Amino acid sequence: MDFIYYSDLLGTMVFAISGAMAANRNNIDIFGATFTGFVTAIGGGSLRDIFLNIRPVWVEDGNYLIAIFIGVFISIIANKQLDKWARTLSLFDAIGIGFFTVVGVQKSLSYGSSDIAAIMLGMFSASMGGVIRDVLMNVTPLILRKEIYATACLSGAMLFVVLNNFHVDNGTNAFLSAALVFLIRILSVKFNLSLPTVNPTEKKDA
Amino acid sequence: MDFIYYSDLLGTMVFAISGAMAANRNNIDIFGATFTGFVTAIGGGSLRDIFLNIRPVWVEDGNYLIAIFIGVFISIIANKQLDKWARTLSLFDAIGIGFFTVVGVQKSLSYGSSDIAAIMLGMFSASMGGVIRDVLMNVTPLILRKEIYATACLSGAMLFVVLNNFHVDNGTNAFLSAALVFLIRILSVKFNLSLPTVNPTEKKDA
Amino acid sequence: MDFIYYSDLLGTMVFAISGAMAANRNNIDIFGATFTGFVTAIGGGSLRDIFLNIRPVWVEDGNYLIAIFIGVFISIIANKQLDKWARTLSLFDAIGIGFFTVVGVQKSLSYGSSDIAAIMLGMFSASMGGVIRDVLMNVTPLILRKEIYATACLSGAMLFVVLNNFHVDNGTNAFLSAALVFLIRILSVKFNLSLPTVNPTEKKDA
């Protein structure tokens, strides 16, 4: 219980760092960086909660906002160092999206969503913060680029629901599903994998 | 009752096709196409439900997501054919927005919104999915272009509320209001009608 | 009580004018101008209410939508005059964001949010309408530009929460906090103040 709570806070902080760093790279002022860090960190989970018609957790529990401010603060004082650690951060990010996916699916199911909606909402929890960050930074949202990111979350969310229906123990299931997200994400970055498009005509650099 | 439910599913599927086709045209991968189809299909109705503070229907009823996946699948396997059927699809779209407008107004009124808010929310139900699609595709939202689209929905929504206050039978009212949306939309496409702007200075091609 | 209600309606109208004027400048048709005025006016407060999981006030109380339509109407008939009154309008805007910030913090606290979330939500109430307007107009959101706008709201929201914890009388507190927002905003415009960025490398015009 405590482990999940503190992981959630840590994941929130990592997402806030990623949002604030994107703002810093775009030469946005420190307020804008805080705002971008905030929406990146709470965007996915809040959207899930809004669809479930429950109140997002950060509205009542101030610790989430404190975690976000710490993340933004880190991104400001350690801005140059973090750029060097980009590789390590992307590792943390891969762990984070695995974790958020699983938490998102569990929460959706426990609030009475259908299996298929829980899969969507789990994927949303982990990836929509980044989408909002990209829209704010005026770049094509990650989710629409030919990179395997939300697909990794989707796979993990599907695995969780399937194993859950086979009554696999919750802890084991959470670990396996988060690990799948992590693996797909890390391997797709390492081997530069991507999904196919429907119009195969644009291959100009063949 | 069943007729409305299946029409709603069909309309959802048509909107998913329109979203996924826009993504395919932009050479977005199949995951992104699914995502775009999804937000186009559920965007308007979900926004209405969020404003009404109720849970969007697709969260509990998995059939809506299945309809969306079928729509996305159709857009992928029949991508080239659909481009030829653009005219037929815009006809379906005009029927669809009429239907969604009327359903949106009815639902809003039944959940205690004011008449004027029901008009806005009915219009939102039918047109906001397309707005979100356009924002994702990075084009000027349909609703802000000089085309009569949301205005058609608005007219139908107003008619429904007026007839409703004159106690016109619900079925007759729904049919007349949806028909008005359909007619305005189809005629504005056929005769290339548009609304005036406030700054009349840009008429350079006179 | 009545004073607050009518101020809220007036503030909503001023925000609608600002949104519709932005649309008029972009040569958007009158429907699009109405839509932009609407989202600018209700965006911030609706987002706050959605996070609090309550129904936005305009859904049940039609007067808010009427105030918006009056604002849009004013922006259309007095478009040229309003451009000359830009200075007066920015004064009204500074009063408006002070007022909306304070109302937003109070409402959030009264619905059980944490102090720190109430500060965020108060700031959101006053500034998110403008952010949505800017996203629709496809310009960098105000909140991300190097102008002191949301920061002013944030300062006032923090002051309100601090004074509230010291049990300062509600009316006095509201006045002082709104005045702080107003002062910071007006002074930052007058003296062209801005917040620092983290990357100080882009100073090419030195």
# chains A, B, ... in the order shown; residues from 1 in each chain; ligands from 1
>>> interface_residues(of="chain C", to="chain B", cutoff="9 Å", atoms="only C-alpha atoms", output="VMD selection string")
chain C and resid 23 to 33 35 to 36 46 49 to 50 53 to 56 58 to 62 65 to 66 76 to 77 79 135 to 138
>>> residues_around(residues="region 177-180 of chain A", least_positions_apart="4", cutoff="9 Å", atoms="only C-alpha atoms", output="list of chain:residue names")
A:Ile95, A:Gly96, A:Ile97, A:Gly98, A:Phe99, A:Phe100, A:Thr101, A:Val102, A:Ala152, A:Cys153, A:Ser155, A:Gly156, A:Ala157, A:Met158, A:Leu159, A:Phe160, A:Leu163, A:Thr172, A:Asn173, A:Ile184, A:Arg185
>>> write_last_selection(atoms="N, CA, C and O atoms", output="compact mmCIF listing (two decimals), in the first residue's frame")
# COMPACT_ATOMS: atom_id res chain seq x y z
N ILE A 95 9.98 2.86 -16.77
CA ILE A 95 9.46 2.26 -15.53
C ILE A 95 8.16 2.97 -15.14
O ILE A 95 7.15 2.34 -14.81
N GLY A 96 8.19 4.29 -15.22
CA GLY A 96 7.03 5.10 -14.82
C GLY A 96 5.77 4.78 -15.61
O GLY A 96 4.71 4.60 -15.02
N ILE A 97 5.90 4.67 -16.93
CA ILE A 97 4.68 4.42 -17.71
C ILE A 97 4.15 3.01 -17.46
O ILE A 97 2.94 2.79 -17.48
N GLY A 98 5.05 2.06 -17.17
CA GLY A 98 4.60 0.72 -16.80
C GLY A 98 3.76 0.77 -15.53
O GLY A 98 2.65 0.23 -15.46
N PHE A 99 4.30 1.47 -14.55
CA PHE A 99 3.63 1.60 -13.27
C PHE A 99 2.28 2.31 -13.41
O PHE A 99 1.25 1.83 -12.92
N PHE A 100 2.28 3.46 -14.11
CA PHE A 100 1.04 4.23 -14.25
C PHE A 100 -0.02 3.46 -15.04
O PHE A 100 -1.21 3.58 -14.76
N THR A 101 0.41 2.69 -16.04
CA THR A 101 -0.55 1.90 -16.81
C THR A 101 -1.29 0.94 -15.89
O THR A 101 -2.53 0.87 -15.89
N VAL A 102 -0.51 0.18 -15.10
CA VAL A 102 -1.10 -0.84 -14.23
C VAL A 102 -2.02 -0.20 -13.18
O VAL A 102 -3.15 -0.66 -12.97
N ALA A 152 3.08 0.51 -26.14
CA ALA A 152 3.64 -0.27 -25.04
C ALA A 152 2.68 -0.28 -23.86
O ALA A 152 2.42 -1.35 -23.27
N CYS A 153 2.12 0.90 -23.55
CA CYS A 153 1.15 0.98 -22.45
C CYS A 153 -0.07 0.12 -22.75
O CYS A 153 -0.60 -0.58 -21.88
N SER A 155 -0.31 -2.54 -24.62
CA SER A 155 0.01 -3.96 -24.48
C SER A 155 -0.02 -4.39 -23.03
O SER A 155 -0.60 -5.43 -22.68
N GLY A 156 0.60 -3.59 -22.17
CA GLY A 156 0.62 -3.92 -20.74
C GLY A 156 -0.78 -3.91 -20.15
O GLY A 156 -1.13 -4.77 -19.34
N ALA A 157 -1.59 -2.93 -20.57
CA ALA A 157 -2.96 -2.83 -20.06
C ALA A 157 -3.78 -4.05 -20.48
O ALA A 157 -4.56 -4.60 -19.69
N MET A 158 -3.58 -4.49 -21.74
CA MET A 158 -4.30 -5.68 -22.21
C MET A 158 -3.86 -6.92 -21.42
O MET A 158 -4.70 -7.72 -21.01
N LEU A 159 -2.55 -7.07 -21.22
CA LEU A 159 -2.06 -8.22 -20.46
C LEU A 159 -2.68 -8.23 -19.06
O LEU A 159 -3.14 -9.27 -18.59
N PHE A 160 -2.73 -7.06 -18.41
CA PHE A 160 -3.28 -7.00 -17.06
C PHE A 160 -4.72 -7.48 -17.03
O PHE A 160 -5.11 -8.28 -16.17
N LEU A 163 -4.86 -11.38 -17.68
CA LEU A 163 -4.43 -12.15 -16.50
C LEU A 163 -5.42 -11.98 -15.35
O LEU A 163 -5.68 -12.92 -14.60
N THR A 172 1.46 -10.23 -8.71
CA THR A 172 2.17 -10.87 -9.82
C THR A 172 1.75 -10.23 -11.14
O THR A 172 2.58 -9.89 -11.99
N ASN A 173 0.45 -10.08 -11.30
CA ASN A 173 -0.12 -9.50 -12.51
C ASN A 173 0.43 -8.09 -12.73
O ASN A 173 0.91 -7.76 -13.84
N ILE A 184 8.76 -3.53 -23.88
CA ILE A 184 8.40 -3.08 -25.24
C ILE A 184 8.95 -1.68 -25.49
O ILE A 184 9.52 -1.39 -26.54
N ARG A 185 8.83 -0.82 -24.48
CA ARG A 185 9.29 0.56 -24.66
C ARG A 185 10.82 0.61 -24.85
O ARG A 185 11.32 1.25 -25.77
>>> atom_distance(atom1="CA of Gln106 (chain C)", atom2="CA of Val162 (chain C)")
12.4 Å
>>> closest_residue(among="B:Met21, B:Asp169, B:Phe15, B:Leu10", to="Ala78 (chain B)", atoms="only C-alpha atoms")
B:Met21
>>> select_by_dssp(residues="chain B", states="helix (DSSP H, G or I)", output="PyMOL selection string")
chain B and resi 2-25+30-51+57-60+63-77+79-84+86-110+115-136+142-144+150-165+170-190+200-202
>>> write_last_selection(atoms="C-alpha atoms", output="compact mmCIF listing (two decimals), in the first residue's frame")
# COMPACT_ATOMS: atom_id res chain seq x y z
CA ASP B 2 -33.16 -0.36 -29.44
CA PHE B 3 -33.26 1.72 -32.59
CA ILE B 4 -31.68 4.69 -30.79
CA TYR B 5 -29.04 2.47 -29.17
CA TYR B 6 -27.95 0.91 -32.46
CA SER B 7 -28.05 4.27 -34.24
CA ASP B 8 -25.78 5.63 -31.53
CA LEU B 9 -23.34 2.75 -32.05
CA LEU B 10 -23.48 3.23 -35.83
CA GLY B 11 -22.91 6.98 -35.50
CA THR B 12 -19.95 6.31 -33.21
CA MET B 13 -18.50 3.98 -35.84
CA VAL B 14 -18.94 6.56 -38.63
CA PHE B 15 -17.16 9.21 -36.53
CA ALA B 16 -14.33 6.72 -35.80
CA ILE B 17 -13.96 6.11 -39.55
CA SER B 18 -13.75 9.86 -40.19
CA GLY B 19 -11.10 10.30 -37.50
CA ALA B 20 -9.01 7.32 -38.59
CA MET B 21 -9.18 8.44 -42.25
CA ALA B 22 -7.85 11.89 -41.29
CA ALA B 23 -4.95 10.18 -39.49
CA ASN B 24 -4.29 7.87 -42.45
CA ARG B 25 -4.14 10.89 -44.77
CA ILE B 30 -2.10 2.50 -37.04
CA PHE B 31 -2.00 3.14 -33.31
CA GLY B 32 -2.29 6.88 -33.84
CA ALA B 33 -5.11 6.26 -36.31
CA THR B 34 -6.95 4.20 -33.69
CA PHE B 35 -6.40 6.91 -31.11
CA THR B 36 -7.61 9.63 -33.48
CA GLY B 37 -10.65 7.54 -34.41
CA PHE B 38 -11.38 7.04 -30.73
CA VAL B 39 -11.23 10.70 -29.69
CA THR B 40 -13.20 11.78 -32.76
CA ALA B 41 -15.93 9.27 -31.91
CA ILE B 42 -16.19 9.80 -28.16
CA GLY B 43 -14.96 13.43 -27.86
CA GLY B 44 -18.25 15.28 -28.27
CA GLY B 45 -20.44 13.02 -26.15
CA SER B 46 -17.80 12.70 -23.43
CA LEU B 47 -17.43 16.45 -23.17
CA ARG B 48 -21.21 16.81 -22.85
CA ASP B 49 -21.27 14.15 -20.10
CA ILE B 50 -18.32 15.72 -18.26
CA PHE B 51 -20.14 19.08 -18.21
CA VAL B 57 -21.48 5.88 -21.66
CA TRP B 58 -18.45 4.15 -23.23
CA VAL B 59 -16.76 3.73 -19.84
CA GLU B 60 -19.30 1.12 -18.77
CA ASN B 63 -19.94 -1.98 -27.24
CA TYR B 64 -19.04 1.64 -28.02
CA LEU B 65 -15.32 0.85 -28.01
CA ILE B 66 -15.95 -2.23 -30.16
CA ALA B 67 -17.87 -0.05 -32.64
CA ILE B 68 -14.90 2.31 -32.72
CA PHE B 69 -12.41 -0.50 -33.36
CA ILE B 70 -14.59 -1.82 -36.18
CA GLY B 71 -14.67 1.70 -37.64
CA VAL B 72 -10.89 2.03 -37.42
CA PHE B 73 -10.48 -1.44 -38.94
CA ILE B 74 -12.75 -0.51 -41.85
CA SER B 75 -10.76 2.70 -42.42
CA ILE B 76 -7.56 0.66 -42.59
CA ILE B 77 -8.65 -2.16 -44.91
CA ASN B 79 -8.71 3.19 -47.06
CA LYS B 80 -8.58 3.74 -50.84
CA GLN B 81 -12.22 2.86 -51.46
CA LEU B 82 -13.35 5.22 -48.69
CA ASP B 83 -11.58 8.14 -50.34
CA LYS B 84 -13.72 7.51 -53.42
CA ALA B 86 -16.11 10.68 -49.71
CA ARG B 87 -19.44 12.00 -50.98
CA THR B 88 -21.44 9.13 -49.48
CA LEU B 89 -19.52 9.48 -46.22
CA SER B 90 -20.32 13.19 -45.96
CA LEU B 91 -23.98 12.23 -46.39
CA PHE B 92 -23.66 9.76 -43.51
CA ASP B 93 -21.84 12.41 -41.52
CA ALA B 94 -24.72 14.87 -42.05
CA ILE B 95 -27.19 12.22 -40.82
CA GLY B 96 -24.86 11.44 -37.92
CA ILE B 97 -24.53 15.00 -36.66
CA GLY B 98 -28.31 15.47 -36.85
CA PHE B 99 -28.79 12.37 -34.75
CA PHE B 100 -26.06 13.22 -32.22
CA THR B 101 -27.38 16.78 -31.83
CA VAL B 102 -30.86 15.59 -30.94
CA VAL B 103 -29.61 12.86 -28.58
CA GLY B 104 -27.31 15.42 -26.93
CA VAL B 105 -30.09 17.95 -26.32
CA GLN B 106 -32.44 15.29 -24.94
CA LYS B 107 -29.81 13.87 -22.58
CA SER B 108 -28.81 17.34 -21.31
CA LEU B 109 -32.44 18.31 -20.61
CA SER B 110 -33.12 14.99 -18.89
CA ASP B 115 -32.68 25.12 -22.16
CA ILE B 116 -29.88 27.35 -23.39
CA ALA B 117 -27.18 25.04 -22.02
CA ALA B 118 -28.94 22.04 -23.61
CA ILE B 119 -28.65 23.80 -26.97
CA MET B 120 -24.90 24.35 -26.47
CA LEU B 121 -24.36 20.80 -25.23
CA GLY B 122 -26.36 19.29 -28.10
CA MET B 123 -24.20 21.22 -30.55
CA PHE B 124 -21.06 20.13 -28.66
CA SER B 125 -22.09 16.45 -28.75
CA ALA B 126 -22.17 16.52 -32.52
CA SER B 127 -19.26 18.79 -33.36
CA MET B 128 -16.56 18.65 -30.67
CA GLY B 129 -15.20 15.25 -31.75
CA GLY B 130 -14.28 16.82 -35.07
CA VAL B 131 -12.71 19.81 -33.32
CA ILE B 132 -10.44 17.55 -31.24
CA ARG B 133 -9.54 15.59 -34.39
CA ASP B 134 -8.56 18.81 -36.14
CA VAL B 135 -6.47 20.03 -33.19
CA LEU B 136 -4.62 16.68 -33.16
CA LEU B 142 -13.70 22.81 -38.49
CA ILE B 143 -15.77 24.86 -36.08
CA LEU B 144 -13.60 27.94 -36.74
CA ALA B 150 -21.65 23.45 -36.01
CA THR B 151 -24.14 26.14 -37.06
CA ALA B 152 -26.28 23.38 -38.55
CA CYS B 153 -26.14 21.50 -35.25
CA LEU B 154 -26.95 24.68 -33.35
CA SER B 155 -30.05 25.33 -35.50
CA GLY B 156 -31.34 21.80 -34.95
CA ALA B 157 -30.67 22.02 -31.22
CA MET B 158 -32.59 25.30 -31.01
CA LEU B 159 -35.52 23.86 -32.96
CA PHE B 160 -35.66 20.86 -30.64
CA VAL B 161 -35.78 23.03 -27.52
CA VAL B 162 -38.45 25.33 -29.00
CA LEU B 163 -40.69 22.46 -30.14
CA ASN B 164 -40.09 20.74 -26.81
CA ASN B 165 -41.41 23.82 -24.99
CA ASN B 170 -40.71 13.66 -28.70
CA GLY B 171 -40.32 11.37 -31.72
CA THR B 172 -41.73 13.94 -34.17
CA ASN B 173 -39.54 16.63 -32.61
CA ALA B 174 -36.40 14.47 -32.84
CA PHE B 175 -37.10 13.68 -36.48
CA LEU B 176 -37.79 17.33 -37.46
CA SER B 177 -34.76 18.71 -35.59
CA ALA B 178 -32.35 16.10 -36.96
CA ALA B 179 -33.76 16.72 -40.44
CA LEU B 180 -33.09 20.45 -40.06
CA VAL B 181 -29.43 19.77 -39.16
CA PHE B 182 -29.15 17.42 -42.14
CA LEU B 183 -30.75 19.89 -44.58
CA ILE B 184 -28.71 22.92 -43.50
CA ARG B 185 -25.50 20.91 -43.65
CA ILE B 186 -26.19 19.33 -47.05
CA LEU B 187 -27.41 22.58 -48.63
CA SER B 188 -24.43 24.55 -47.28
CA VAL B 189 -22.04 22.01 -48.81
CA LYS B 190 -23.92 21.94 -52.12
CA PRO B 200 -14.75 42.61 -43.98
CA THR B 201 -11.30 43.89 -45.00
CA GLU B 202 -9.71 40.70 -46.28
